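**Student:** The structure file entry31.txt (compact mmCIF, C-alpha atoms) is provided below.
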# COMPACT_ATOMS: atom_id res chain seq x y z
CA MET A 1 -2.38 21.92 11.20
CA ASN A 2 -3.57 21.00 14.65
CA ASP A 3 -1.14 18.48 16.07
CA ARG A 4 -3.26 17.87 19.18
CA THR A 5 -5.64 15.61 17.28
CA ALA A 6 -2.80 13.44 15.96
CA ASN A 7 -2.20 10.21 17.86
CA PRO A 8 1.53 9.86 18.56
CA ARG A 9 1.12 6.19 19.41
CA ALA A 10 0.80 5.53 15.67
CA TRP A 11 4.56 6.02 15.46
CA TRP A 12 5.03 2.64 17.16
CA PHE A 13 3.69 1.00 14.01
CA VAL A 14 6.73 2.32 12.15
CA LEU A 15 9.02 0.45 14.51
CA PRO A 16 9.21 -2.86 12.53
CA VAL A 17 10.30 -0.97 9.41
CA LEU A 18 12.87 0.91 11.44
CA VAL A 19 14.30 -2.34 12.82
CA LEU A 20 14.35 -3.87 9.34
CA VAL A 21 16.12 -0.87 7.83
CA ALA A 22 18.57 -0.82 10.74
CA PHE A 23 19.56 -4.42 10.14
CA ASN A 24 19.67 -4.47 6.34
CA ALA A 25 20.97 -0.97 5.65
CA LEU A 26 22.12 1.08 8.60
CA ILE A 27 24.29 -1.45 10.44
CA PRO A 28 26.00 -2.76 7.28
CA LEU A 29 26.62 0.82 6.15
CA MET A 30 28.15 1.70 9.53
CA THR A 31 30.33 -1.40 9.30
CA VAL A 32 31.51 -0.33 5.85
CA VAL A 33 32.42 3.09 7.24
CA ASN A 34 34.39 1.35 10.01
CA TYR A 35 36.16 -0.92 7.53
CA SER A 36 37.07 2.04 5.30
CA VAL A 37 39.55 3.44 7.83
CA GLN A 38 41.17 0.13 8.78
CA GLU A 39 43.21 -2.76 7.44
CA THR A 40 42.43 -6.38 8.22
CA PHE A 41 44.00 -9.74 7.48
CA GLY A 42 40.99 -11.67 8.79
CA ASP A 43 40.14 -13.06 12.22
CA ASN A 44 38.40 -9.82 13.18
CA VAL A 45 41.74 -8.12 13.82
CA PHE A 46 41.82 -4.55 12.51
CA PHE A 47 44.56 -1.95 12.21
CA TRP A 48 43.89 1.78 12.05
CA GLU A 49 44.85 3.33 8.70
CA GLY A 50 43.08 6.69 8.80
CA LEU A 51 42.02 8.11 5.45
CA LYS A 52 44.73 6.27 3.49
CA TRP A 53 42.28 4.09 1.54
CA PHE A 54 40.21 7.07 0.44
CA GLU A 55 43.32 8.83 -0.84
CA GLN A 56 44.45 5.66 -2.55
CA VAL A 57 41.10 5.03 -4.27
CA LEU A 58 40.66 8.68 -5.32
CA ASN A 59 44.11 8.68 -6.93
CA SER A 60 44.04 5.18 -8.41
CA ASP A 61 43.96 4.82 -12.18
CA ARG A 62 42.04 1.60 -11.77
CA PHE A 63 39.16 3.42 -10.03
CA HIS A 64 39.20 6.27 -12.57
CA GLU A 65 39.10 3.81 -15.45
CA SER A 66 36.22 1.74 -14.11
CA PHE A 67 34.37 4.95 -13.20
CA LEU A 68 34.78 6.29 -16.76
CA ARG A 69 33.78 2.91 -18.18
CA GLN A 70 30.69 3.01 -15.98
CA LEU A 71 29.77 6.53 -17.11
CA ALA A 72 30.32 5.58 -20.76
CA PHE A 73 28.14 2.49 -20.42
CA THR A 74 25.36 4.34 -18.62
CA GLY A 75 25.51 7.20 -21.15
CA MET A 76 25.34 4.81 -24.07
CA ILE A 77 22.41 2.78 -22.84
CA LEU A 78 20.47 5.94 -21.89
CA ALA A 79 21.16 7.44 -25.33
CA ILE A 80 19.77 4.30 -26.96
CA GLU A 81 17.03 3.13 -24.61
CA VAL A 82 15.20 6.41 -24.02
CA PRO A 83 14.65 7.46 -27.68
CA LEU A 84 14.05 3.84 -28.70
CA GLY A 85 11.59 3.35 -25.85
CA ILE A 86 9.67 6.49 -26.82
CA ALA A 87 9.61 5.43 -30.47
CA VAL A 88 8.26 1.97 -29.63
CA ALA A 89 5.67 3.44 -27.26
CA LEU A 90 4.51 5.87 -29.98
CA SER A 91 4.09 3.04 -32.47
CA MET A 92 2.11 0.82 -30.11
CA PRO A 93 -1.68 0.68 -30.57
CA ARG A 94 -3.81 2.61 -28.03
CA LYS A 95 -7.00 0.60 -28.57
CA GLY A 96 -8.06 -2.87 -29.67
CA PRO A 97 -7.00 -6.45 -29.02
CA TRP A 98 -3.34 -5.84 -29.90
CA VAL A 99 -2.82 -3.64 -26.85
CA SER A 100 -2.56 -6.59 -24.45
CA VAL A 101 -0.40 -8.58 -26.88
CA CYS A 102 2.06 -5.69 -27.16
CA LEU A 103 2.10 -5.08 -23.41
CA VAL A 104 2.78 -8.74 -22.62
CA LEU A 105 5.53 -8.93 -25.24
CA MET A 106 7.08 -5.77 -23.84
CA ALA A 107 6.92 -7.05 -20.26
CA LEU A 108 8.58 -10.39 -21.07
CA PRO A 109 12.26 -9.32 -20.96
CA LEU A 110 11.64 -7.56 -17.64
CA LEU A 111 10.48 -10.80 -16.05
CA ILE A 112 13.66 -12.74 -16.81
CA PRO A 113 16.16 -12.96 -13.93
CA TRP A 114 19.34 -11.00 -14.53
CA ASN A 115 21.72 -13.94 -14.43
CA VAL A 116 19.54 -15.79 -16.93
CA VAL A 117 19.71 -12.77 -19.26
CA GLY A 118 23.50 -12.87 -18.98
CA ALA A 119 23.63 -16.62 -19.65
CA MET A 120 21.18 -16.33 -22.57
CA TRP A 121 23.22 -13.63 -24.25
CA ASN A 122 26.45 -15.43 -23.54
CA ILE A 123 25.28 -18.48 -25.46
CA PHE A 124 23.41 -16.40 -28.07
CA ALA A 125 26.57 -14.41 -28.91
CA LEU A 126 29.18 -17.18 -28.81
CA PRO A 127 31.06 -17.00 -32.12
CA ASP A 128 31.17 -20.74 -32.76
CA ILE A 129 27.79 -22.06 -31.58
CA GLY A 130 25.62 -19.02 -30.76
CA LEU A 131 22.93 -17.92 -33.19
CA LEU A 132 24.00 -14.25 -33.20
CA GLY A 133 27.76 -14.87 -33.10
CA ARG A 134 27.61 -17.52 -35.79
CA MET A 135 25.46 -15.29 -38.01
CA ILE A 136 27.75 -12.24 -37.71
CA ASN A 137 30.81 -14.35 -38.43
CA GLY A 138 28.94 -15.99 -41.31
CA MET A 139 28.51 -12.53 -42.86
CA GLY A 140 32.27 -12.22 -42.94
CA ILE A 141 32.62 -9.92 -39.92
CA ASP A 142 35.18 -11.05 -37.37
CA TYR A 143 33.25 -11.04 -34.11
CA ASN A 144 34.25 -12.64 -30.83
CA PHE A 145 33.04 -10.98 -27.66
CA THR A 146 35.31 -13.08 -25.46
CA GLN A 147 38.42 -11.63 -27.11
CA GLN A 148 37.59 -8.27 -28.71
CA PRO A 149 36.85 -5.31 -26.40
CA VAL A 150 34.63 -3.57 -28.99
CA ALA A 151 32.60 -6.72 -29.55
CA ALA A 152 32.31 -7.23 -25.78
CA TRP A 153 31.00 -3.66 -25.35
CA LEU A 154 28.57 -3.99 -28.25
CA THR A 155 27.21 -7.25 -26.85
CA THR A 156 26.88 -5.85 -23.32
CA VAL A 157 25.09 -2.71 -24.54
CA LEU A 158 22.85 -4.73 -26.86
CA MET A 159 21.96 -7.07 -23.99
CA ASP A 160 21.04 -4.17 -21.74
CA VAL A 161 18.99 -2.55 -24.49
CA TRP A 162 17.17 -5.84 -25.05
CA HIS A 163 16.54 -6.29 -21.34
CA TRP A 164 15.54 -2.80 -20.27
CA THR A 165 14.13 -0.77 -23.19
CA SER A 166 10.74 -2.30 -22.32
CA LEU A 167 10.75 -0.44 -19.04
CA VAL A 168 11.05 2.89 -20.85
CA VAL A 169 8.40 1.71 -23.35
CA LEU A 170 5.91 0.81 -20.63
CA LEU A 171 6.44 4.06 -18.73
CA ALA A 172 6.27 6.20 -21.88
CA TYR A 173 3.18 4.27 -23.01
CA ALA A 174 1.49 4.96 -19.65
CA GLY A 175 2.30 8.64 -20.14
CA LEU A 176 0.86 8.63 -23.66
CA CYS A 177 -2.33 6.87 -22.54
CA SER A 178 -3.00 9.60 -20.00
CA ILE A 179 -3.34 12.28 -22.72
CA PRO A 180 -7.03 13.08 -23.29
CA ASP A 181 -8.35 12.83 -26.87
CA ALA A 182 -9.30 16.50 -26.77
CA TYR A 183 -5.64 17.47 -27.16
CA TYR A 184 -5.32 15.47 -30.37
CA GLN A 185 -8.61 16.84 -31.70
CA ALA A 186 -7.44 20.38 -31.05
CA ALA A 187 -4.15 19.62 -32.79
CA LYS A 188 -6.04 18.20 -35.78
CA ILE A 189 -8.24 21.29 -36.06
CA ASP A 190 -5.13 23.46 -36.00
CA GLY A 191 -3.55 21.29 -38.68
CA ALA A 192 -0.56 20.41 -36.52
CA SER A 193 2.10 18.16 -38.03
CA ALA A 194 3.01 14.83 -36.44
CA TRP A 195 6.22 16.40 -35.17
CA ALA A 196 4.33 19.34 -33.61
CA VAL A 197 1.95 16.91 -31.88
CA PHE A 198 4.93 15.02 -30.49
CA ARG A 199 6.87 18.12 -29.49
CA TYR A 200 4.08 20.15 -27.90
CA ILE A 201 1.58 17.55 -26.68
CA GLN A 202 3.10 14.11 -26.22
CA LEU A 203 6.59 15.01 -24.99
CA PRO A 204 5.45 17.50 -22.32
CA LYS A 205 2.86 15.00 -21.11
CA MET A 206 5.49 12.27 -20.90
CA LYS A 207 8.02 14.47 -19.13
CA ARG A 208 7.24 13.18 -15.66
CA VAL A 209 7.28 9.49 -16.45
CA LEU A 210 10.38 9.97 -18.59
CA THR A 211 12.22 11.58 -15.67
CA ILE A 212 11.38 8.50 -13.61
CA ALA A 213 12.38 6.21 -16.48
CA ILE A 214 15.74 7.96 -16.88
CA LEU A 215 16.35 7.89 -13.13
CA LEU A 216 15.54 4.17 -12.91
CA ARG A 217 17.66 3.30 -15.93
CA PHE A 218 20.50 5.47 -14.68
CA MET A 219 20.54 3.86 -11.25
CA ASP A 220 20.15 0.30 -12.50
CA SER A 221 22.84 0.64 -15.16
CA PHE A 222 25.15 2.50 -12.79
CA MET A 223 24.96 -0.40 -10.36
CA ILE A 224 24.88 -3.14 -13.00
CA TYR A 225 26.67 -6.30 -11.92
CA THR A 226 25.05 -9.61 -12.76
CA GLU A 227 24.53 -9.34 -16.50
CA PRO A 228 28.05 -8.25 -17.56
CA PHE A 229 29.52 -10.56 -14.91
CA VAL A 230 27.81 -13.56 -16.46
CA LEU A 231 28.31 -12.38 -20.05
CA THR A 232 31.93 -11.25 -20.06
CA GLY A 233 33.13 -11.55 -16.45
CA GLY A 234 34.52 -8.03 -16.83
CA GLY A 235 36.74 -9.01 -19.75
CA PRO A 236 38.45 -9.30 -22.11
CA GLY A 237 41.20 -7.98 -19.83
CA ASN A 238 39.18 -5.56 -17.77
CA THR A 239 37.52 -3.68 -20.63
CA THR A 240 34.00 -4.32 -19.33
CA THR A 241 34.88 -4.15 -15.64
CA PHE A 242 32.27 -1.69 -14.40
CA LEU A 243 32.31 -0.18 -10.93
CA SER A 244 30.43 -2.89 -9.09
CA ILE A 245 32.40 -5.69 -10.77
CA ASP A 246 35.63 -3.91 -9.81
CA LEU A 247 34.34 -3.46 -6.27
CA VAL A 248 33.58 -7.16 -5.88
CA LYS A 249 37.00 -8.04 -7.32
CA ILE A 250 38.69 -5.84 -4.71
CA ALA A 251 36.50 -6.88 -1.78
CA LEU A 252 36.10 -10.62 -2.38
CA GLY A 253 38.78 -11.45 -4.95
CA GLN A 254 41.66 -9.68 -3.24
CA PHE A 255 40.04 -9.49 0.22
CA ASP A 256 41.11 -5.82 0.47
CA LEU A 257 38.21 -4.84 2.72
CA GLY A 258 39.59 -1.38 3.54
CA PRO A 259 40.05 -0.09 -0.02
CA ALA A 260 36.81 -1.80 -1.08
CA ALA A 261 34.94 -0.08 1.75
CA ALA A 262 36.40 3.31 0.82
CA MET A 263 35.50 2.72 -2.82
CA SER A 264 31.97 1.66 -2.01
CA LEU A 265 31.46 4.79 0.11
CA ILE A 266 32.61 7.02 -2.76
CA TYR A 267 30.36 5.01 -5.11
CA PHE A 268 27.47 5.43 -2.65
CA LEU A 269 28.01 9.20 -2.43
CA VAL A 270 28.01 9.52 -6.23
CA VAL A 271 24.77 7.54 -6.45
CA LEU A 272 23.25 9.66 -3.69
CA LEU A 273 24.26 12.87 -5.48
CA VAL A 274 22.75 11.74 -8.78
CA CYS A 275 19.52 10.70 -7.03
CA TRP A 276 19.33 14.07 -5.35
CA ILE A 277 19.89 15.92 -8.66
CA PHE A 278 17.11 13.93 -10.33
CA TYR A 279 14.82 14.51 -7.35
CA THR A 280 15.54 18.24 -7.50
CA LEU A 281 14.89 18.38 -11.26
CA THR A 282 11.59 16.54 -10.81
CA MET A 283 10.56 18.90 -8.03
CA ARG A 284 11.47 21.93 -10.14
CA ASN A 285 9.45 20.59 -13.06
CA GLU A 286 6.45 20.08 -10.85
CA SER A 287 6.61 23.48 -9.22
CA GLN A 288 6.85 25.24 -12.59
CA MET B 1 26.43 -9.50 22.08
CA SER B 2 29.86 -8.95 20.65
CA LEU B 3 30.24 -6.09 18.24
CA SER B 4 33.81 -6.91 17.25
CA TRP B 5 32.72 -7.82 13.69
CA MET B 6 31.60 -4.21 13.20
CA ALA B 7 35.20 -3.10 13.85
CA TRP B 8 34.30 0.13 15.64
CA THR B 9 36.93 2.82 16.03
CA GLY B 10 36.88 6.04 18.04
CA PRO B 11 36.80 8.42 15.07
CA THR B 12 34.06 6.54 13.17
CA ALA B 13 32.00 6.34 16.37
CA ALA B 14 32.48 10.10 16.77
CA PHE B 15 31.32 10.59 13.18
CA PHE B 16 28.09 8.67 13.76
CA ILE B 17 27.53 10.39 17.10
CA PHE B 18 27.85 13.71 15.23
CA ILE B 19 25.22 12.58 12.70
CA ALA B 20 22.97 11.41 15.53
CA ILE B 21 23.38 14.74 17.34
CA CYS B 22 22.48 16.55 14.10
CA LEU B 23 19.28 14.49 13.81
CA VAL B 24 18.34 15.04 17.45
CA ALA B 25 19.06 18.76 17.11
CA MET B 26 16.82 18.87 14.03
CA ALA B 27 14.06 17.12 16.01
CA VAL B 28 14.40 19.62 18.86
CA TRP B 29 14.40 22.53 16.39
CA GLU B 30 11.25 21.10 14.77
CA ARG B 31 9.64 20.94 18.24
CA LEU B 32 10.52 24.58 18.93
CA VAL B 33 9.63 25.92 15.46
CA PRO B 34 7.27 23.39 13.81
CA GLY B 35 6.71 23.20 10.07
CA GLY B 36 10.32 22.90 8.90
CA SER B 37 10.38 26.55 7.71
CA PRO B 38 9.92 25.74 4.00
CA ARG B 39 11.07 28.31 1.45
CA ARG B 40 12.29 28.64 -2.11
CA GLY B 41 15.99 29.42 -2.18
CA VAL B 42 18.65 30.06 -4.79
CA LEU B 43 18.30 26.57 -6.31
CA GLY B 44 14.70 27.34 -7.26
CA ILE B 45 13.31 24.41 -5.30
CA ASP B 46 11.23 24.24 -2.17
CA THR B 47 13.44 23.14 0.70
CA THR B 48 12.79 22.47 4.36
CA ARG B 49 15.33 22.39 7.17
CA GLY B 50 15.83 18.65 6.65
CA ASP B 51 16.58 19.17 2.94
CA ARG B 52 19.10 21.82 3.85
CA LEU B 53 20.82 19.50 6.33
CA PHE B 54 20.98 16.79 3.66
CA ILE B 55 22.41 19.21 1.08
CA SER B 56 24.97 20.44 3.62
CA LEU B 57 26.11 16.95 4.59
CA LEU B 58 26.26 15.60 1.04
CA GLY B 59 28.08 18.69 -0.21
CA SER B 60 30.52 18.54 2.70
CA ALA B 61 31.30 14.90 1.87
CA PHE B 62 32.25 15.94 -1.66
CA ILE B 63 34.30 18.91 -0.38
CA PHE B 64 36.30 16.51 1.81
CA LEU B 65 36.67 13.93 -0.98
CA ALA B 66 37.85 16.56 -3.46
CA TRP B 67 40.41 17.91 -1.01
CA LEU B 68 41.58 14.40 -0.14
CA GLY B 69 41.94 13.54 -3.82
CA PHE B 70 43.83 16.69 -4.81
CA PHE B 71 45.81 17.64 -1.68
CA GLY B 72 45.57 14.76 0.80
CA THR B 73 45.50 15.07 4.58
CA PRO B 74 45.17 17.01 6.92
CA LEU B 75 41.56 18.07 6.40
CA TRP B 76 41.32 21.21 8.56
CA ILE B 77 41.05 23.59 5.59
CA PRO B 78 38.19 21.68 3.90
CA LEU B 79 36.53 21.46 7.33
CA GLY B 80 36.44 25.25 7.25
CA PHE B 81 35.04 25.17 3.72
CA ALA B 82 32.43 22.59 4.71
CA ILE B 83 31.24 24.67 7.68
CA ALA B 84 31.10 27.79 5.51
CA TYR B 85 29.19 25.82 2.85
CA GLY B 86 26.75 24.54 5.49
CA ILE B 87 26.09 28.08 6.72
CA VAL B 88 25.50 29.27 3.13
CA VAL B 89 23.10 26.38 2.51
CA PHE B 90 21.12 27.01 5.69
CA ARG B 91 20.99 30.73 4.97
CA TRP B 92 20.20 30.90 1.24
CA VAL B 93 19.20 27.52 -0.24
Write out the structure in this file as structure tokens.

**Tutor:**
Amino acid sequence: MNDRTANPRAWWFVLPVLVLVAFNALIPLMTVVNYSVQETFGDNVFFWEGLKWFEQVLNSDRFHESFLRQLAFTGMILAIEVPLGIAVALSMPRKGPWVSVCLVLMALPLLIPWNVVGAMWNIFALPDIGLLGRMINGMGIDYNFTQQPVAAWLTTVLMDVWHWTSLVVLLAYAGLCSIPDAYYQAAKIDGASAWAVFRYIQLPKMKRVLTIAILLRFMDSFMIYTEPFVLTGGGPGNTTTFLSIDLVKIALGQFDLGPAAAMSLIYFLVVLLVCWIFYTLTMRNESQ
Amino acid sequence: MSLSWMAWTGPTAAFFIFIAICLVAMAVWERLVPGGSPRRGVLGIDTTRGDRLFISLLGSAFIFLAWLGFFGTPLWIPLGFAIAYGIVVFRWV
């Protein structure tokens, strides 16, 4: 590449983005790093604590528990949403007037603000007045998500599945639509079974969009805050206190800025690592 | 403009200066040897110098965290590990 023809002045056009990123990401992140090694009681007075908060967070049962809870939640919703999303996408029509109807219906849950989803499900699942809660209790099953940890988990997972499976559906559907008819014709001539068509034509063609879908769902569910906060508030007890809810409790509830900063840096590094692994896997897939 | 709300300390400033020096050094290196010397290393992915720096820094962070979690301070031994890890990454990844 001849770099003489490139105009270096174009770099000045990047400057606004740089300033924006500096103010909304870089400077706050630097401040968090500064907070993570100090103790404060307010009034901008800070005391040096060294790496004490990191040690404390890494060895705290509370952090381990919310981390495990977070992993369990993310694992569960991925295990449900990805296969379910693929199944729904496979059963959607590829041609005709129903395509738009299905797409609009699928897009609806994605358009609802997160706190509204939480509030909707809260009311929907209330055991005494909610449609779902009342119905389950009417069938003779004791269900109360405000008091039973299992019920709280089921409701949270169900809410997330309701809210986000559509994203997997839309991505998988886009992947399916990009497969040329010739592949299906060839499969038909060879007498391939429906499973063989799925395994050797549809799944490989969806691999790329599915990687993106899994990455997006992983990240979103790993950082989930609003929906469980509105639905259960992290309870009963702290059985649905996921990482970000715990973080906010420490930072704003207890005003322990130092430990909260250390925890958020560890959280950030984990997220960064997972992103990098997904990026690497995607790159490997593409180069193969 | 007062920066007191950012609560700067010597060590954290040194940390960011180190990161900044790394980035400037990478820019100078790119000037001297343009193209980022891409290759396919032991991970089976195409990496450039920038990727290798990122992998080194991220890995080092986890080396320090693991040591801090299991053994606590001081961190001189994991510093050695992190430098060794960085050299391995720049050489073979």

**Student:** Mind dumping a table of every stretch 2-42 of chain A residue within 7 Å of stretch 47-64 of chain A, with the nearest atom pair and its distance in Å to one decimal, using all atoms listed in the file, sorted by chain and rising number, as CSV?

**Tutor:**
residue,atom,partner,partner_atom,distance
A:Ser36,CA,A:Trp53,CA,6.7
A:Val37,CA,A:Gly50,CA,4.9
A:Gln38,CA,A:Trp48,CA,4.6
A:Glu39,CA,A:Phe47,CA,5.0
A:Thr40,CA,A:Phe47,CA,6.3

**Student:** Just give me the gap between atom CA of B:Ile55 and atom CA of A:Ile277 in Å, one decimal is fine.

**Tutor:**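 Separating atom CA of B:Ile55 from atom CA of A:Ile277 is a distance of 10.6 Å.
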
**Student:** Identify all chain A residues at most 7 Å from chain B by counting all atoms listed in the file; ligands do not count. Present them as a PDB file with C-alpha atoms, in the coordinates of the input.

**Tutor:**
ATOM      1  CA  THR A  31      30.330  -1.400   9.300  1.00  0.00           C
ATOM      2  CA  ASN A  34      34.390   1.350  10.010  1.00  0.00           C
ATOM      3  CA  TYR A  35      36.160  -0.920   7.530  1.00  0.00           C
ATOM      4  CA  ASN A  44      38.400  -9.820  13.180  1.00  0.00           C
ATOM      5  CA  PHE A  46      41.820  -4.550  12.510  1.00  0.00           C
ATOM      6  CA  GLU A  55      43.320   8.830  -0.840  1.00  0.00           C
ATOM      7  CA  LEU A  58      40.660   8.680  -5.320  1.00  0.00           C
ATOM      8  CA  ASN A  59      44.110   8.680  -6.930  1.00  0.00           C
ATOM      9  CA  THR A 280      15.540  18.240  -7.500  1.00  0.00           C
ATOM     10  CA  MET A 283      10.560  18.900  -8.030  1.00  0.00           C
ATOM     11  CA  ARG A 284      11.470  21.930 -10.140  1.00  0.00           C
TER      12      ARG A 284
END

**Student:** How many Å separate atom CA of A:Ile141 from atom CA of A:Leu158?

**Tutor:** 17.1 Å

**Student:** Please provide as a PyMOL selection string all residues within 12 Å of B:Val89, with the sequence filter that same-chain residues fewer than 3 positions apart are discarded (counting all atoms listed in the file).

**Tutor:** chain B and resi 40-43+47-60+82-86+92-93

**Student:** Selection from above, C-alpha atoms, as an mmCIF file, keeping the file's coordinate frame, can you write it?

**Tutor:**
data_model
loop_
_atom_site.group_PDB
_atom_site.id
_atom_site.type_symbol
_atom_site.label_atom_id
_atom_site.label_comp_id
_atom_site.auth_asym_id
_atom_site.auth_seq_id
_atom_site.Cartn_x
_atom_site.Cartn_y
_atom_site.Cartn_z
ATOM 1 C CA ARG B 40 12.290 28.640 -2.110
ATOM 2 C CA GLY B 41 15.990 29.420 -2.180
ATOM 3 C CA VAL B 42 18.650 30.060 -4.790
ATOM 4 C CA LEU B 43 18.300 26.570 -6.310
ATOM 5 C CA THR B 47 13.440 23.140 0.700
ATOM 6 C CA THR B 48 12.790 22.470 4.360
ATOM 7 C CA ARG B 49 15.330 22.390 7.170
ATOM 8 C CA GLY B 50 15.830 18.650 6.650
ATOM 9 C CA ASP B 51 16.580 19.170 2.940
ATOM 10 C CA ARG B 52 19.100 21.820 3.850
ATOM 11 C CA LEU B 53 20.820 19.500 6.330
ATOM 12 C CA PHE B 54 20.980 16.790 3.660
ATOM 13 C CA ILE B 55 22.410 19.210 1.080
ATOM 14 C CA SER B 56 24.970 20.440 3.620
ATOM 15 C CA LEU B 57 26.110 16.950 4.590
ATOM 16 C CA LEU B 58 26.260 15.600 1.040
ATOM 17 C CA GLY B 59 28.080 18.690 -0.210
ATOM 18 C CA SER B 60 30.520 18.540 2.700
ATOM 19 C CA ALA B 82 32.430 22.590 4.710
ATOM 20 C CA ILE B 83 31.240 24.670 7.680
ATOM 21 C CA ALA B 84 31.100 27.790 5.510
ATOM 22 C CA TYR B 85 29.190 25.820 2.850
ATOM 23 C CA GLY B 86 26.750 24.540 5.490
ATOM 24 C CA TRP B 92 20.200 30.900 1.240
ATOM 25 C CA VAL B 93 19.200 27.520 -0.240
#

**Student:** Report the distance between atom CA of A:Thr239 and atom CA of A:Leu154 in Å, rounded to one decimal place.

**Tutor:**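 Computing the Euclidean distance for atom CA of A:Thr239 and atom CA of A:Leu154 yields 11.8 Å.
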
**Student:** Could you check the closest approach to A:Met159 for each of A:Leu231, A:Ala174, A:Ile112, A:Ile129 and tell me which residue wins, using all atoms listed in the file?

**Tutor:** A:Leu231

**Student:** Find, counting all atoms listed in the file, the residue in A:Val82, A:Ala194, A:Thr232, A:Val33 that gets nearest to A:Leu216.

**Tutor:**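 Smallest distance to A:Leu216 is found for A:Val82.
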
**Student:** Pick the closest to A:Val32 from A:Leu257, A:Thr282, A:Tyr200, A:Val274: which is it, counting all atoms listed in the file?

**Tutor:** A:Leu257

**Student:** Find the residues with any atom within 12 Å of (2.3, 17.7, -27.9); use all atoms listed in the file and the coordinates as given in the file, and write the answer as a PyMOL selection string.

**Tutor:** chain A and resi 175-176+179-188+192-207

**Student:** Please, can stretch 45-57 of chain A be completed to N, CA, C and O atoms and returned as a PDB file, in the frame of the given file?

**Tutor:**
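Once written, selection-v2.pdb looks like this:
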ATOM      1  N   VAL A  45      40.674  -8.975  13.294  1.00  0.00           N
ATOM      2  CA  VAL A  45      41.740  -8.120  13.820  1.00  0.00           C
ATOM      3  C   VAL A  45      41.908  -6.958  12.839  1.00  0.00           C
ATOM      4  O   VAL A  45      42.080  -7.179  11.635  1.00  0.00           O
ATOM      5  N   PHE A  46      41.789  -5.729  13.382  1.00  0.00           N
ATOM      6  CA  PHE A  46      41.820  -4.550  12.510  1.00  0.00           C
ATOM      7  C   PHE A  46      42.935  -3.606  12.931  1.00  0.00           C
ATOM      8  O   PHE A  46      43.257  -3.496  14.109  1.00  0.00           O
ATOM      9  N   PHE A  47      43.517  -2.935  11.943  1.00  0.00           N
ATOM     10  CA  PHE A  47      44.560  -1.950  12.210  1.00  0.00           C
ATOM     11  C   PHE A  47      44.128  -0.610  11.653  1.00  0.00           C
ATOM     12  O   PHE A  47      43.662  -0.523  10.526  1.00  0.00           O
ATOM     13  N   TRP A  48      44.298   0.423  12.436  1.00  0.00           N
ATOM     14  CA  TRP A  48      43.890   1.780  12.050  1.00  0.00           C
ATOM     15  C   TRP A  48      44.749   2.284  10.894  1.00  0.00           C
ATOM     16  O   TRP A  48      45.974   2.191  10.929  1.00  0.00           O
ATOM     17  N   GLU A  49      44.102   2.805   9.832  1.00  0.00           N
ATOM     18  CA  GLU A  49      44.850   3.330   8.700  1.00  0.00           C
ATOM     19  C   GLU A  49      44.484   4.771   8.373  1.00  0.00           C
ATOM     20  O   GLU A  49      45.027   5.355   7.440  1.00  0.00           O
ATOM     21  N   GLY A  50      43.500   5.317   9.090  1.00  0.00           N
ATOM     22  CA  GLY A  50      43.080   6.690   8.800  1.00  0.00           C
ATOM     23  C   GLY A  50      42.423   6.791   7.431  1.00  0.00           C
ATOM     24  O   GLY A  50      41.706   5.878   7.013  1.00  0.00           O
ATOM     25  N   LEU A  51      42.694   7.873   6.731  1.00  0.00           N
ATOM     26  CA  LEU A  51      42.020   8.110   5.450  1.00  0.00           C
ATOM     27  C   LEU A  51      42.844   7.616   4.260  1.00  0.00           C
ATOM     28  O   LEU A  51      42.584   7.996   3.123  1.00  0.00           O
ATOM     29  N   LYS A  52      43.822   6.739   4.540  1.00  0.00           N
ATOM     30  CA  LYS A  52      44.730   6.270   3.490  1.00  0.00           C
ATOM     31  C   LYS A  52      43.989   5.630   2.309  1.00  0.00           C
ATOM     32  O   LYS A  52      44.294   5.895   1.153  1.00  0.00           O
ATOM     33  N   TRP A  53      42.968   4.812   2.621  1.00  0.00           N
ATOM     34  CA  TRP A  53      42.280   4.090   1.540  1.00  0.00           C
ATOM     35  C   TRP A  53      41.531   5.062   0.646  1.00  0.00           C
ATOM     36  O   TRP A  53      41.461   4.864  -0.572  1.00  0.00           O
ATOM     37  N   PHE A  54      40.948   6.097   1.253  1.00  0.00           N
ATOM     38  CA  PHE A  54      40.210   7.070   0.440  1.00  0.00           C
ATOM     39  C   PHE A  54      41.174   7.766  -0.529  1.00  0.00           C
ATOM     40  O   PHE A  54      40.876   7.917  -1.709  1.00  0.00           O
ATOM     41  N   GLU A  55      42.327   8.180   0.008  1.00  0.00           N
ATOM     42  CA  GLU A  55      43.320   8.830  -0.840  1.00  0.00           C
ATOM     43  C   GLU A  55      43.757   7.901  -1.962  1.00  0.00           C
ATOM     44  O   GLU A  55      43.868   8.301  -3.117  1.00  0.00           O
ATOM     45  N   GLN A  56      43.977   6.642  -1.569  1.00  0.00           N
ATOM     46  CA  GLN A  56      44.450   5.660  -2.550  1.00  0.00           C
ATOM     47  C   GLN A  56      43.422   5.446  -3.660  1.00  0.00           C
ATOM     48  O   GLN A  56      43.764   5.462  -4.841  1.00  0.00           O
ATOM     49  N   VAL A  57      42.148   5.283  -3.266  1.00  0.00           N
ATOM     50  CA  VAL A  57      41.100   5.030  -4.270  1.00  0.00           C
ATOM     51  C   VAL A  57      40.937   6.260  -5.152  1.00  0.00           C
ATOM     52  O   VAL A  57      40.865   6.159  -6.383  1.00  0.00           O
TER      53      VAL A  57
END
